[in-house]
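Since the structure comes first, as structure tokens, the remarks are kept for the end.
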Amino acid sequence: MTAWSYATLRGVDPPLMDAIASRSIATILEFAPLDLANTAWSYATLQLLDEPLLSAIACASLRTMGAPGFTAQALANIAWAYANVRLHDGPLLNAIAEASIARISQCKAQDLANLSWSFAALSLRHTPLLASIAESSIKQISQFTGQGLSNSVWAFATIGCFDEPLLDAIAAAAMSLSLHHQELSNMAWAFA
């Protein structure tokens, strides 16, 4: 919880974060799925690439990913964290993809946008996951924020997955939102 609080406040205290990482590694098997996701998110938000900690989170996540407490949001947040620090852990990301497909009906719009952005940021094209994300995104398109739409269309374009029904849905939804300049430029690039 301390790491999450510091990340939320955007505060970095290197000795404290090192101590949290060390203690987290020692007790990682006691972490609930939400603890794993929040810890990964915290370090990634602070741009702290602590490879031993992230390796421990990956191992613990792989051991517990089938547990009911491992929510779609936790999966998306872990994927986002690894992408945000540009850490490519193939086994973890493949497991996240498979688990996300199984839980796709539990994904909220932000989870879908985060998953697609994460895989694209790491240049990973997991076709079954992308197909599931596209189908679920279309159903929830009215729930997406401008950033979610922008990140999603950027992700699909970046990895060369042109799902026409999804792109049409994103374009239609974007017309009804007031988008920021970065969202507009991302969309223009993706649709070019």
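Just so we're on the same page: first chain in the structure tokens is A, next is B, and so on; residues restart at 1 for each chain, and ligands are numbered from 1 in the order they show up.
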
Nearby residues (only C-alpha atoms) at most 9 Å from Glu135 (chain A), same-chain spacing under 4 positions excluded, as an mmCIF file with all heavy atoms, in the first residue's frame:
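So result-v2.cif came out as:
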data_model
loop_
_atom_site.group_PDB
_atom_site.id
_atom_site.type_symbol
_atom_site.label_atom_id
_atom_site.label_comp_id
_atom_site.auth_asym_id
_atom_site.auth_seq_id
_atom_site.Cartn_x
_atom_site.Cartn_y
_atom_site.Cartn_z
ATOM 1 N N LEU A 130 -6.269 -9.881 -29.428
ATOM 2 C CA LEU A 130 -6.729 -8.697 -30.158
ATOM 3 C C LEU A 130 -8.145 -8.885 -30.682
ATOM 4 O O LEU A 130 -8.961 -7.958 -30.637
ATOM 5 C CB LEU A 130 -5.764 -8.369 -31.292
ATOM 6 C CG LEU A 130 -4.373 -7.936 -30.833
ATOM 7 C CD1 LEU A 130 -3.436 -7.845 -32.024
ATOM 8 C CD2 LEU A 130 -4.433 -6.631 -30.079
ATOM 9 N N ALA A 131 -8.454 -10.074 -31.160
ATOM 10 C CA ALA A 131 -9.812 -10.351 -31.649
ATOM 11 C C ALA A 131 -10.817 -10.248 -30.504
ATOM 12 O O ALA A 131 -11.906 -9.673 -30.672
ATOM 13 C CB ALA A 131 -9.871 -11.734 -32.294
ATOM 14 N N LYS A 139 -18.725 -3.704 -28.186
ATOM 15 C CA LYS A 139 -19.900 -3.790 -27.314
ATOM 16 C C LYS A 139 -19.922 -2.682 -26.267
ATOM 17 O O LYS A 139 -20.985 -2.268 -25.823
ATOM 18 C CB LYS A 139 -19.942 -5.155 -26.615
ATOM 19 C CG LYS A 139 -20.189 -6.314 -27.554
ATOM 20 C CD LYS A 139 -20.097 -7.630 -26.804
ATOM 21 C CE LYS A 139 -20.221 -8.804 -27.758
ATOM 22 N NZ LYS A 139 -19.982 -10.089 -27.092
ATOM 23 N N PRO A 165 -14.585 -3.368 -38.183
ATOM 24 C CA PRO A 165 -15.717 -3.024 -37.313
ATOM 25 C C PRO A 165 -15.283 -2.223 -36.080
ATOM 26 O O PRO A 165 -15.971 -1.289 -35.681
ATOM 27 C CB PRO A 165 -16.305 -4.387 -36.925
ATOM 28 C CG PRO A 165 -15.906 -5.300 -38.036
ATOM 29 C CD PRO A 165 -14.554 -4.808 -38.472
ATOM 30 N N LEU A 166 -14.133 -2.572 -35.508
ATOM 31 C CA LEU A 166 -13.644 -1.816 -34.350
ATOM 32 C C LEU A 166 -13.273 -0.396 -34.763
ATOM 33 O O LEU A 166 -13.641 0.566 -34.094
ATOM 34 C CB LEU A 166 -12.441 -2.503 -33.708
ATOM 35 C CG LEU A 166 -11.778 -1.709 -32.576
ATOM 36 C CD1 LEU A 166 -12.746 -1.491 -31.414
ATOM 37 C CD2 LEU A 166 -10.509 -2.408 -32.106
#

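Here the question is which of A:Ile138, A:Leu112, A:Ala188, A:Val12 gets nearest to Glu164 (chain A) using only C-alpha atoms, and that residue is A:Ile138.
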
> Using only C-alpha atoms, which of the listed residues (A:Ala173, A:Leu124, A:Leu16, A:Ala56) sits closest to Ser142 (chain A)?
Replying inline: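 Using only C-alpha atoms, the shortest distance to Ser142 (chain A) belongs to A:Ala173.
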
> Between A:Ser55, A:Asn84, A:Gln147, A:Ser132, which is the closest to Ser100 (chain A) once you count only C-alpha atoms?
Replying inline: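 Nearest candidate to Ser100 (chain A) out of A:Ser55, A:Asn84, A:Gln147, A:Ser132: A:Ser132.
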
> In region 65-140 of chain A, what's helix (DSSP H, G or I) per DSSP? Answer as number ranges by chain?
Replying inline: A: 72-84, 90-102, 104-106, 109-121, 127-139
